[in-house]
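Structure data (compact mmCIF, C-alpha atoms) from my_file-v4.txt:
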```txt
# COMPACT_ATOMS: atom_id res chain seq x y z
CA MET A 1 -20.52 -6.06 -6.69
CA LYS A 2 -17.66 -3.70 -7.37
CA LEU A 3 -15.04 -4.51 -9.99
CA GLN A 4 -12.45 -2.77 -7.78
CA HIS A 5 -12.78 -5.64 -5.25
CA PHE A 6 -12.22 -8.26 -7.94
CA LEU A 7 -9.06 -7.10 -9.71
CA GLY A 8 -7.04 -10.21 -8.85
CA GLY A 9 -6.99 -12.56 -11.84
CA LEU A 10 -8.70 -10.32 -14.41
CA GLU A 11 -7.78 -11.27 -17.97
CA GLY A 12 -7.32 -9.40 -21.21
CA LEU A 13 -5.49 -6.40 -19.78
CA GLY A 14 -2.34 -6.37 -21.91
CA SER A 15 1.20 -5.65 -20.76
CA VAL A 16 2.07 -4.37 -17.31
CA SER A 17 3.62 -0.95 -16.81
CA THR A 18 7.24 -1.14 -15.69
CA GLU A 19 7.35 2.58 -14.80
CA THR A 20 9.53 2.86 -11.67
CA ARG A 21 8.82 6.52 -10.87
CA VAL A 22 6.50 7.20 -7.92
CA PHE A 23 5.13 10.42 -9.41
CA VAL A 24 4.79 10.63 -13.19
CA GLU A 25 3.74 14.30 -13.16
CA PRO A 26 5.05 16.99 -10.77
CA TRP A 27 1.54 17.88 -9.55
CA GLU A 28 1.03 14.37 -8.18
CA LYS A 29 3.49 15.12 -5.35
CA ARG A 30 1.24 17.89 -4.05
CA ILE A 31 -1.88 15.72 -3.70
CA PHE A 32 0.16 13.02 -1.97
CA GLY A 33 1.38 15.63 0.53
CA ILE A 34 -2.15 16.91 1.15
CA HIS A 35 -3.47 13.36 1.73
CA THR A 36 -0.68 12.54 4.17
CA ALA A 37 -1.28 15.76 6.10
CA MET A 38 -4.99 14.92 6.32
CA MET A 39 -4.20 11.48 7.76
CA ALA A 40 -1.85 13.11 10.28
CA LEU A 41 -4.38 15.78 11.32
CA SER A 42 -7.32 13.34 11.41
CA ALA A 43 -9.47 13.84 14.49
CA GLN A 44 -9.33 10.31 15.94
CA LEU A 45 -5.54 10.24 16.45
CA PRO A 46 -4.12 10.68 19.97
CA LEU A 47 -1.75 13.44 18.86
CA PRO A 48 -1.34 17.02 20.18
CA THR A 49 -4.09 19.42 19.12
CA THR A 50 -2.99 22.10 16.67
CA PRO A 51 -4.46 25.36 15.32
CA SER A 52 -5.53 23.49 12.14
CA VAL A 53 -9.26 23.80 11.45
CA PHE A 54 -9.29 20.17 10.27
CA ASN A 55 -11.65 18.49 12.73
CA THR A 56 -12.97 15.42 10.88
CA ILE A 57 -11.66 11.94 10.20
CA TRP A 58 -9.62 11.07 7.13
CA THR A 59 -7.85 7.72 6.87
CA TRP A 60 -6.83 5.29 4.15
CA ALA A 61 -10.33 3.84 4.49
CA ASP A 62 -11.85 7.12 3.28
CA LEU A 63 -9.50 7.29 0.30
CA ARG A 64 -10.19 3.63 -0.53
CA LYS A 65 -13.97 4.07 -0.18
CA GLY A 66 -13.78 6.84 -2.76
CA ALA A 67 -11.82 4.70 -5.21
CA GLU A 68 -14.12 1.71 -4.64
CA SER A 69 -17.24 3.83 -5.25
CA LEU A 70 -16.04 5.08 -8.64
CA ASN A 71 -17.60 3.88 -11.84
CA PRO A 72 -15.34 0.88 -12.62
CA PHE A 73 -14.51 2.25 -16.07
CA ASP A 74 -13.36 5.50 -14.49
CA TYR A 75 -11.29 3.44 -12.05
CA PHE A 76 -9.25 2.15 -14.99
CA LYS A 77 -9.42 5.41 -16.94
CA PHE A 78 -7.85 7.66 -14.33
CA ARG A 79 -4.29 7.36 -13.03
CA TYR A 80 -3.68 6.62 -9.37
CA TYR A 81 -3.22 10.22 -8.21
CA GLU A 82 -5.97 11.52 -10.48
CA LYS A 83 -8.35 9.41 -8.40
CA TRP A 84 -6.82 10.89 -5.23
CA LEU A 85 -7.26 14.45 -6.50
CA GLY A 86 -10.92 13.84 -7.29
CA GLY A 87 -11.67 12.05 -4.01
CA ILE A 88 -9.85 14.50 -1.75
CA SER A 89 -11.29 17.60 -3.46
CA GLY A 90 -14.76 16.09 -3.10
CA TYR A 91 -14.20 15.37 0.60
CA PHE A 92 -13.22 18.97 1.39
CA ILE A 93 -16.27 20.24 -0.49
CA GLU A 94 -18.71 17.77 1.10
CA ARG A 95 -17.44 18.54 4.59
CA GLY A 96 -17.76 22.26 4.02
CA TYR A 97 -14.09 23.22 4.33
CA ILE A 98 -14.23 24.77 0.85
CA THR A 99 -16.90 25.28 -1.81
CA ALA A 100 -16.90 23.88 -5.32
CA GLU A 101 -17.33 27.42 -6.65
CA GLU A 102 -14.19 28.79 -4.98
CA LEU A 103 -12.17 25.72 -5.98
CA ASN A 104 -13.29 26.07 -9.62
CA ALA A 105 -12.59 29.81 -9.64
CA LEU A 106 -9.13 29.41 -8.15
CA THR A 107 -8.37 26.50 -10.51
CA ASP A 108 -9.08 28.91 -13.39
CA GLU A 109 -6.72 31.49 -11.88
CA TYR A 110 -3.86 29.01 -11.51
CA TYR A 111 -4.59 27.65 -14.97
CA GLN A 112 -4.17 31.14 -16.43
CA ASP A 113 -1.15 31.92 -14.27
CA PRO A 114 0.67 28.76 -13.08
CA SER A 115 3.37 30.89 -11.43
CA LYS A 116 0.90 32.63 -9.12
CA PRO A 117 2.33 32.02 -5.63
CA LEU A 118 0.65 30.06 -2.82
CA PRO A 119 -0.60 32.00 0.21
CA VAL A 120 1.85 32.26 3.09
CA ALA A 121 0.23 31.27 6.38
CA GLY A 122 0.05 28.64 9.08
CA ASP A 123 1.29 27.60 12.47
CA ALA A 124 4.41 25.40 12.72
CA ALA A 125 2.62 23.15 15.24
CA ILE A 126 0.54 21.78 12.34
CA ASP A 127 3.65 20.61 10.50
CA GLU A 128 5.15 19.23 13.70
CA ARG A 129 2.10 17.01 14.13
CA VAL A 130 2.40 15.80 10.55
CA VAL A 131 5.98 14.71 11.18
CA GLN A 132 5.01 13.14 14.52
CA TYR A 133 2.38 11.05 12.74
CA LEU A 134 4.89 9.85 10.16
CA VAL A 135 7.39 8.88 12.86
CA GLU A 136 4.93 7.22 15.26
CA GLY A 137 2.40 5.77 12.82
CA ASP A 138 -1.03 4.53 13.82
CA SER A 139 -0.80 0.89 14.79
CA PRO A 140 -4.06 -1.05 14.55
CA ARG A 141 -2.82 -3.56 17.16
CA ARG A 142 -4.81 -3.61 20.42
CA ASP A 143 -4.04 -5.39 23.67
CA VAL A 144 -7.42 -7.02 24.15
CA THR A 145 -8.35 -10.63 24.72
CA ILE A 146 -9.82 -12.21 21.62
CA THR A 147 -10.86 -15.66 20.49
CA VAL A 148 -8.52 -17.22 17.96
CA ASP A 149 -10.39 -19.97 16.16
CA PHE A 150 -7.66 -21.39 13.96
CA SER A 151 -4.04 -22.40 14.18
CA VAL A 152 -1.28 -22.93 11.64
CA GLY A 153 -2.13 -25.75 9.25
CA ASP A 154 -5.91 -25.54 9.64
CA MET A 155 -7.95 -25.64 6.46
CA VAL A 156 -10.40 -22.74 6.29
CA ARG A 157 -13.18 -21.48 4.05
CA ILE A 158 -13.32 -17.83 3.06
CA LYS A 159 -16.71 -16.23 3.60
CA ASN A 160 -18.63 -14.27 1.00
CA VAL A 161 -19.57 -11.33 3.22
CA PRO A 162 -21.80 -8.47 1.97
CA SER A 163 -19.54 -5.64 0.79
CA VAL A 164 -21.81 -2.66 0.53
CA GLU A 165 -19.19 0.07 0.63
CA HIS A 166 -15.70 -1.04 1.53
CA THR A 167 -13.86 -4.31 2.13
CA ARG A 168 -10.42 -5.73 2.76
CA LEU A 169 -11.38 -9.13 1.36
CA PRO A 170 -10.09 -9.58 -2.20
CA GLY A 171 -12.97 -10.78 -4.37
CA PHE A 172 -11.07 -13.67 -5.96
CA LEU A 173 -10.74 -15.35 -2.53
CA ARG A 174 -14.45 -15.40 -1.71
CA ASN A 175 -15.88 -18.92 -1.18
CA LYS A 176 -12.42 -20.46 -1.67
CA THR A 177 -10.57 -22.71 0.74
CA GLY A 178 -7.06 -22.20 2.03
CA THR A 179 -4.67 -23.20 4.79
CA VAL A 180 -3.59 -21.00 7.69
CA GLU A 181 0.11 -20.12 7.23
CA THR A 182 0.50 -17.66 10.12
CA VAL A 183 -1.60 -16.51 13.05
CA TYR A 184 -0.35 -13.00 13.74
CA PRO A 185 0.18 -12.32 17.45
CA GLY A 186 -2.34 -9.89 18.96
CA ALA A 187 -5.59 -8.33 17.81
CA TYR A 188 -6.05 -5.77 15.04
CA THR A 189 -8.65 -3.11 14.37
CA TYR A 190 -9.43 -1.66 10.96
CA LEU A 191 -9.49 2.07 10.22
CA CYS A 192 -13.29 2.18 10.16
CA ASP A 193 -16.26 -0.09 10.78
CA THR A 194 -17.13 -1.65 7.44
CA GLY A 195 -20.68 -2.53 8.53
CA PRO A 196 -22.04 -5.79 7.11
CA ASP A 197 -18.58 -6.52 5.67
CA GLY A 198 -17.60 -7.10 9.28
CA ILE A 199 -14.23 -5.58 10.13
CA GLY A 200 -13.35 -2.68 12.41
CA PRO A 201 -13.29 -4.13 15.95
CA ALA A 202 -10.07 -5.75 17.20
CA MET A 203 -9.81 -9.31 15.92
CA ALA A 204 -7.24 -11.91 14.89
CA VAL A 205 -5.53 -11.70 11.51
CA TYR A 206 -4.35 -14.77 9.60
CA CYS A 207 -2.06 -15.24 6.65
CA VAL A 208 -3.78 -17.87 4.51
CA HIS A 209 -2.21 -19.97 1.76
CA PHE A 210 -4.21 -20.60 -1.43
CA ASP A 211 -3.57 -22.96 -4.32
CA PRO A 212 -3.92 -20.97 -7.57
CA ALA A 213 -5.22 -24.13 -9.28
CA GLU A 214 -8.26 -23.94 -6.98
CA LEU A 215 -8.67 -20.18 -7.42
CA TRP A 216 -8.59 -20.40 -11.22
CA PRO A 217 -9.02 -24.02 -12.30
CA ASP A 218 -6.97 -24.90 -15.40
CA ASN A 219 -6.22 -21.21 -15.83
CA ALA A 220 -3.37 -20.35 -13.43
CA GLU A 221 0.36 -20.72 -13.89
CA PRO A 222 1.97 -23.81 -12.32
CA ASN A 223 4.46 -23.86 -9.44
CA PHE A 224 3.32 -20.85 -7.46
CA SER A 225 1.41 -20.21 -4.26
CA LEU A 226 -0.69 -17.24 -3.25
CA TYR A 227 -0.89 -15.93 0.30
CA ALA A 228 -3.21 -13.27 1.68
CA ASP A 229 -3.48 -11.58 5.07
CA LEU A 230 -7.12 -11.81 6.15
CA TYR A 231 -9.04 -10.45 9.11
CA ALA A 232 -10.62 -13.24 11.17
CA HIS A 233 -14.16 -12.16 10.25
CA TYR A 234 -13.52 -13.28 6.67
CA VAL A 235 -12.23 -16.72 7.72
CA ALA A 236 -14.58 -19.61 8.60
CA ALA A 237 -14.37 -23.29 9.40
CA MET A 238 -14.78 -25.81 6.61
CA ASP A 239 -18.37 -26.56 5.65
CA ASN A 240 -18.77 -29.53 7.97
CA GLY A 241 -17.85 -27.27 10.88
CA THR A 242 -14.92 -29.37 12.04
CA THR A 243 -11.34 -28.24 12.22
CA VAL A 244 -9.33 -29.94 9.51
CA LYS A 245 -5.57 -30.00 9.24
CA ALA A 246 -4.20 -29.77 5.73
CA THR A 247 -2.51 -32.99 4.65
CA MET B 1 -17.66 6.74 -28.52
CA SER B 2 -18.94 7.45 -25.05
CA GLU B 3 -17.69 10.59 -23.37
CA ARG B 4 -16.50 8.39 -20.54
CA PHE B 5 -13.47 7.36 -22.56
CA ILE B 6 -12.37 10.84 -23.56
CA TYR B 7 -9.78 12.72 -21.51
CA CYS B 8 -9.80 16.51 -21.43
CA GLU B 9 -7.17 17.83 -23.83
CA ASP B 10 -5.27 19.69 -21.15
CA ARG B 11 -5.35 16.80 -18.70
CA GLU B 12 -2.09 17.53 -16.84
CA ALA B 13 -2.36 21.35 -16.99
CA TYR B 14 -5.84 21.10 -15.49
CA SER B 15 -4.71 18.79 -12.67
CA THR B 16 -1.70 21.03 -12.01
CA ALA B 17 -3.96 24.05 -11.60
CA ARG B 18 -6.58 22.10 -9.65
CA VAL B 19 -4.16 20.73 -7.04
CA ARG B 20 -2.51 24.12 -6.65
CA ALA B 21 -5.90 25.73 -6.10
CA LEU B 22 -6.77 23.09 -3.53
CA GLU B 23 -3.47 23.55 -1.67
CA ALA B 24 -3.91 27.35 -1.74
CA LEU B 25 -7.45 27.13 -0.33
CA LEU B 26 -6.39 24.73 2.42
CA ILE B 27 -3.59 27.11 3.46
CA LYS B 28 -5.93 30.11 3.32
CA LYS B 29 -8.60 28.36 5.41
CA GLY B 30 -6.12 27.16 8.04
CA VAL B 31 -6.24 23.41 7.32
CA ILE B 32 -2.51 23.18 6.48
CA THR B 33 0.39 25.61 6.32
CA GLU B 34 2.40 26.80 3.34
CA ARG B 35 5.15 24.38 4.50
CA THR B 36 3.02 21.27 5.09
CA VAL B 37 3.24 19.60 1.69
CA ASP B 38 6.96 20.32 1.39
CA THR B 39 7.47 18.98 4.93
CA VAL B 40 5.86 15.68 3.93
CA LEU B 41 7.88 15.44 0.70
CA GLU B 42 11.16 16.26 2.46
CA PHE B 43 10.44 13.54 5.03
CA PHE B 44 10.24 10.98 2.24
CA GLU B 45 13.42 12.28 0.63
CA THR B 46 15.48 12.09 3.81
CA LYS B 47 13.90 9.82 6.44
CA MET B 48 11.56 7.24 4.88
CA GLY B 49 12.80 5.76 1.65
CA PRO B 50 14.44 2.89 -0.20
CA PHE B 51 17.82 3.96 1.24
CA ASN B 52 16.68 2.35 4.53
CA GLY B 53 15.62 -0.89 2.88
CA ALA B 54 18.95 -1.11 1.07
CA LYS B 55 20.81 -0.89 4.41
CA ILE B 56 18.60 -3.62 5.91
CA VAL B 57 19.18 -5.99 3.00
CA ALA B 58 22.94 -5.31 2.86
CA ARG B 59 23.20 -6.11 6.57
CA ALA B 60 21.23 -9.33 6.04
CA TRP B 61 23.70 -10.28 3.29
CA VAL B 62 26.80 -9.81 5.44
CA ASP B 63 25.34 -11.06 8.73
CA PRO B 64 23.46 -14.39 8.51
CA ALA B 65 22.35 -14.19 12.16
CA PHE B 66 20.78 -10.77 11.47
CA ARG B 67 19.06 -12.25 8.41
CA GLU B 68 17.50 -14.95 10.58
CA ARG B 69 16.32 -12.37 13.13
CA LEU B 70 14.93 -10.19 10.33
CA LEU B 71 12.82 -13.05 8.99
CA ALA B 72 11.67 -14.12 12.47
CA ASP B 73 10.73 -10.69 13.86
CA THR B 74 11.14 -8.02 11.20
CA PRO B 75 10.42 -4.84 13.25
CA LYS B 76 12.64 -5.98 16.13
CA ALA B 77 15.57 -6.71 13.84
CA ILE B 78 15.16 -3.38 11.99
CA ALA B 79 15.22 -1.58 15.35
CA GLU B 80 18.76 -2.91 15.91
CA LEU B 81 20.10 -0.82 13.03
CA ASP B 82 21.14 2.82 13.06
CA LEU B 83 18.30 4.13 10.89
CA PRO B 84 16.22 7.35 11.13
CA ASP B 85 13.39 7.61 13.69
CA GLY B 86 10.13 6.26 12.34
CA MET B 87 11.09 2.75 11.23
CA ALA B 88 7.89 1.53 12.93
CA GLY B 89 6.03 4.67 11.85
CA ALA B 90 3.32 5.31 9.27
CA GLU B 91 2.71 2.27 7.03
CA GLY B 92 5.47 0.35 8.80
CA GLU B 93 3.81 -0.37 12.12
CA HIS B 94 3.78 -4.10 11.32
CA MET B 95 6.21 -5.36 8.70
CA ARG B 96 7.22 -8.82 7.55
CA ALA B 97 10.22 -9.76 5.42
CA VAL B 98 10.44 -12.87 3.27
CA ALA B 99 13.71 -14.07 1.73
CA ASN B 100 14.45 -15.42 -1.71
CA THR B 101 16.44 -18.66 -1.89
CA PRO B 102 17.83 -20.59 -4.88
CA GLY B 103 14.48 -22.46 -5.15
CA VAL B 104 11.95 -19.80 -4.06
CA HIS B 105 11.20 -16.34 -5.42
CA ASN B 106 8.86 -13.99 -3.53
CA LEU B 107 6.62 -11.31 -5.06
CA ILE B 108 4.68 -8.70 -3.06
CA ILE B 109 1.38 -7.39 -4.44
CA CYS B 110 -1.70 -5.52 -3.23
CA THR B 111 -4.74 -6.44 -5.31
CA LEU B 112 -7.09 -4.10 -3.41
CA CYS B 113 -4.98 -0.92 -3.38
CA SER B 114 -1.29 -0.11 -2.91
CA CYS B 115 -0.11 -1.19 0.59
CA TYR B 116 3.64 -0.59 0.76
CA PRO B 117 6.22 -0.50 3.60
CA TRP B 118 6.87 3.25 3.76
CA PRO B 119 9.66 3.38 6.35
CA VAL B 120 11.92 0.96 4.49
CA LEU B 121 10.94 1.66 0.88
CA GLY B 122 9.26 5.07 0.79
CA LEU B 123 6.40 5.42 -1.66
CA PRO B 124 5.19 2.79 -4.12
CA PRO B 125 6.43 3.07 -7.71
CA TYR B 126 3.88 3.49 -10.47
CA TRP B 127 4.06 -0.14 -11.64
CA TYR B 128 3.00 -1.42 -8.21
CA LYS B 129 -0.15 0.74 -8.15
CA ASP B 130 -1.21 0.03 -11.72
CA PRO B 131 -4.42 -2.09 -11.93
CA THR B 132 -2.99 -4.29 -14.70
CA PHE B 133 -0.09 -5.43 -12.51
CA ARG B 134 -2.36 -5.94 -9.52
CA SER B 135 -4.74 -8.08 -11.58
CA ARG B 136 -2.24 -10.19 -13.47
CA ALA B 137 0.36 -10.85 -10.76
CA ALA B 138 -2.22 -12.83 -8.77
CA ARG B 139 -2.84 -15.38 -11.53
CA GLU B 140 0.18 -15.28 -13.84
CA PRO B 141 3.19 -13.99 -11.86
CA ARG B 142 5.72 -15.71 -14.13
CA ALA B 143 4.41 -13.92 -17.22
CA VAL B 144 4.44 -10.62 -15.31
CA LEU B 145 8.03 -11.11 -14.10
CA ASP B 146 9.04 -11.93 -17.66
CA GLU B 147 7.70 -8.54 -18.75
CA PHE B 148 9.86 -6.95 -16.05
CA GLY B 149 12.88 -8.65 -17.64
CA LEU B 150 13.08 -11.37 -15.00
CA PRO B 151 12.52 -14.75 -16.67
CA LEU B 152 12.42 -17.37 -13.89
CA ALA B 153 13.24 -21.05 -14.44
CA LYS B 154 10.20 -23.34 -14.24
CA ASN B 155 11.61 -25.19 -11.24
CA ILE B 156 11.75 -22.01 -9.13
CA LYS B 157 8.65 -21.76 -6.97
CA ILE B 158 7.01 -18.32 -6.80
CA LYS B 159 5.30 -17.16 -3.62
CA VAL B 160 2.93 -14.24 -4.17
CA TRP B 161 1.95 -12.29 -1.03
CA ASP B 162 -1.22 -10.16 -1.27
CA SER B 163 -1.16 -7.38 1.36
CA SER B 164 -4.75 -7.02 2.46
CA ALA B 165 -4.56 -6.44 6.23
CA GLN B 166 -2.12 -4.72 8.60
CA ILE B 167 1.18 -6.25 7.46
CA ARG B 168 3.47 -4.42 5.07
CA TRP B 169 5.75 -6.82 3.23
CA PHE B 170 9.17 -6.73 1.61
CA VAL B 171 11.57 -9.20 0.04
CA VAL B 172 15.17 -9.90 0.99
CA PRO B 173 16.68 -10.67 -2.40
CA GLU B 174 19.60 -13.07 -2.76
CA ARG B 175 23.10 -11.65 -2.55
CA PRO B 176 24.46 -11.59 -6.11
CA GLU B 177 27.41 -13.77 -7.00
CA GLY B 178 30.76 -12.06 -7.36
CA THR B 179 30.20 -9.64 -4.48
CA ASP B 180 32.27 -11.42 -1.80
CA ALA B 181 34.84 -8.62 -1.74
CA MET B 182 32.27 -5.84 -1.41
CA TRP B 183 31.69 -4.07 1.89
CA GLU B 184 28.24 -3.25 3.24
CA GLY B 185 28.06 0.26 1.76
CA GLU B 186 28.86 -1.03 -1.71
CA LEU B 187 26.26 -3.77 -1.39
CA GLU B 188 23.55 -1.22 -0.51
CA ALA B 189 23.92 0.26 -3.98
CA LEU B 190 22.85 -3.09 -5.49
CA VAL B 191 19.46 -3.13 -3.73
CA THR B 192 16.56 -1.56 -5.63
CA PRO B 193 12.91 -1.10 -4.58
CA GLU B 194 12.02 -3.46 -7.41
CA ALA B 195 14.27 -6.20 -5.96
CA MET B 196 12.70 -5.63 -2.52
CA MET B 197 9.21 -6.14 -3.99
CA GLY B 198 10.25 -9.12 -6.11
CA VAL B 199 9.94 -7.86 -9.69
CA ALA B 200 13.74 -7.80 -9.99
CA VAL B 201 16.76 -9.44 -8.43
CA SER B 202 19.95 -7.78 -7.25
CA LYS B 203 22.84 -7.86 -9.67
CA ALA B 204 26.57 -7.39 -9.13
CA THR B 205 26.87 -4.56 -11.65
```
Step by step, read the file and then write its structure as structure tokens.
Amino acid sequence: MKLQHFLGGLEGLGSVSTETRVFVEPWEKRIFGIHTAMMALSAQLPLPTTPSVFNTIWTWADLRKGAESLNPFDYFKFRYYEKWLGGISGYFIERGYITAEELNALTDEYYQDPSKPLPVAGDAAIDERVVQYLVEGDSPRRDVTITVDFSVGDMVRIKNVPSVEHTRLPGFLRNKTGTVETVYPGAYTYLCDTGPDGIGPAMAVYCVHFDPAELWPDNAEPNFSLYADLYAHYVAAMDNGTTVKAT
Amino acid sequence: MSERFIYCEDREAYSTARVRALEALLIKKGVITERTVDTVLEFFETKMGPFNGAKIVARAWVDPAFRERLLADTPKAIAELDLPDGMAGAEGEHMRAVANTPGVHNLIICTLCSCYPWPVLGLPPYWYKDPTFRSRAAREPRAVLDEFGLPLAKNIKIKVWDSSAQIRWFVVPERPEGTDAMWEGELEALVTPEAMMGVAVSKAT
């Protein structure tokens, strides 16, 4: 069980941050740009090949896996882009694009001399692909025939699937019941196969309505509703196996 | 105290040097170019950003038929407008808008990470990504909105939308009172990213 999957509803955290800036330190912009370029150059995308030596897959799923595998105390300790910097540096080292030794040595050089310039190199086709990715995106929708088990108004039970590495099922919804609010048209893949967690192949996606009083009995605010978009693999029939319409 | 809870003294200087070293190595090895990171950042300053969302909301305020189309089929309605290329691009391939009314207030959250509609709002603000917000907004949205300076009357129903699959969500706030004489361009200036995520409302001044 990973705390990162169970953030919804945690108590005792104190006041929220109302910081409206996207980047709270200038360096954070650079790691965001590197991450976005990696997604754009990722090997599985049907985009023009470029002279970039990047030949592996990097998607949101990889970034999320890294954050979800952190020690949960570190997850809260480090700021958003600090986690990105650690995860992305580790990826480039693990995949052999760079070594830890050269990254450490160069970090020392830039630490001593922050004004030391960046190298000047690269083919414009790489940057053109990055922009093409941003403009075109990477839709998970697939035109395949799928089975859609539920329709709007059906009561459903949320499964408690094994989440060994990565999931898109918020922990606070596991084993709860809800009502289908929307059946999204079409079928949707996920960025990777999550193994026993069960998403990856094209499947239906539902928006499901939950009553906070059932999620957190006697411990949720009144007069609000919670909705979550859920891949069909996480959504099951009520325990008696029959389809039930909410009353 | 455990070392786990100690930050290095030069936390930001270290990260500054570390990310610059990483970018330099990636340029040197031929992964990216010396223009790549700036290209991404410029794209978010000029093409994908909250300036698009503000135009969409202002149009919905002046054109009730457009508002209906926006709520029924969000990407199709957005495609009607004269916005930069990429409105169905990265992190906006499938978007859904929900509208506030006098009796209903909508709040968008992402308890698992930080899903955000890039084409119409750009990048998520710090508050949206912070674990405390993501935890608390799911169970006590009224208390959270109060901390954002938005006390809501008890009779207003709150709908909290947790983005956990392919849809990227945004809110169409209510048009503020006293803006009947304003034209669309003036109205755009009243729409903030916070209002389009539901932690604020639009105000006339």
- Straight-line distance linking atom CA of Leu150 of chain B with atom CA of Gly198 of chain B, stated in Å to one decimal: 9.6 Å
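Atom pair atom CA of Met1 of chain A / atom CA of Ser164 of chain B: separated by 18.3 Å.
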- Message: With 6 Å as the limit and counting all atoms listed in the file, what residues in chain B lie close to chain A? Please list them as a PyMOL selection string.
- Response: chain B and resi 16-18+21+24+30-31+33-34+36-37+40+86+89-90+93+111+124-127+132-133+135-136+138-140+157-162+164-165
- How far is it from atom CA of Val19 of chain B to atom CA of Gly49 of chain B, in Å with one decimal?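 Interatomic distance, atom CA of Val19 of chain B to atom CA of Gly49 of chain B: 24.2 Å.
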- Item | Shell of 8 Å around Trp118 of chain B, all atoms listed in the file, local chain residues under 3 positions omitted, as a ChimeraX atom specification | /B:48-49,90-92,121-123
- All residues 9 Å or closer to segment 69-84 of chain B, all atoms listed in the file, same chain fewer than 3 positions away omitted, as an NGL selection string: :B and (46-48 or 52 or 55-56 or 59-60 or 64-66 or 87-88 or 92-99 or 172)
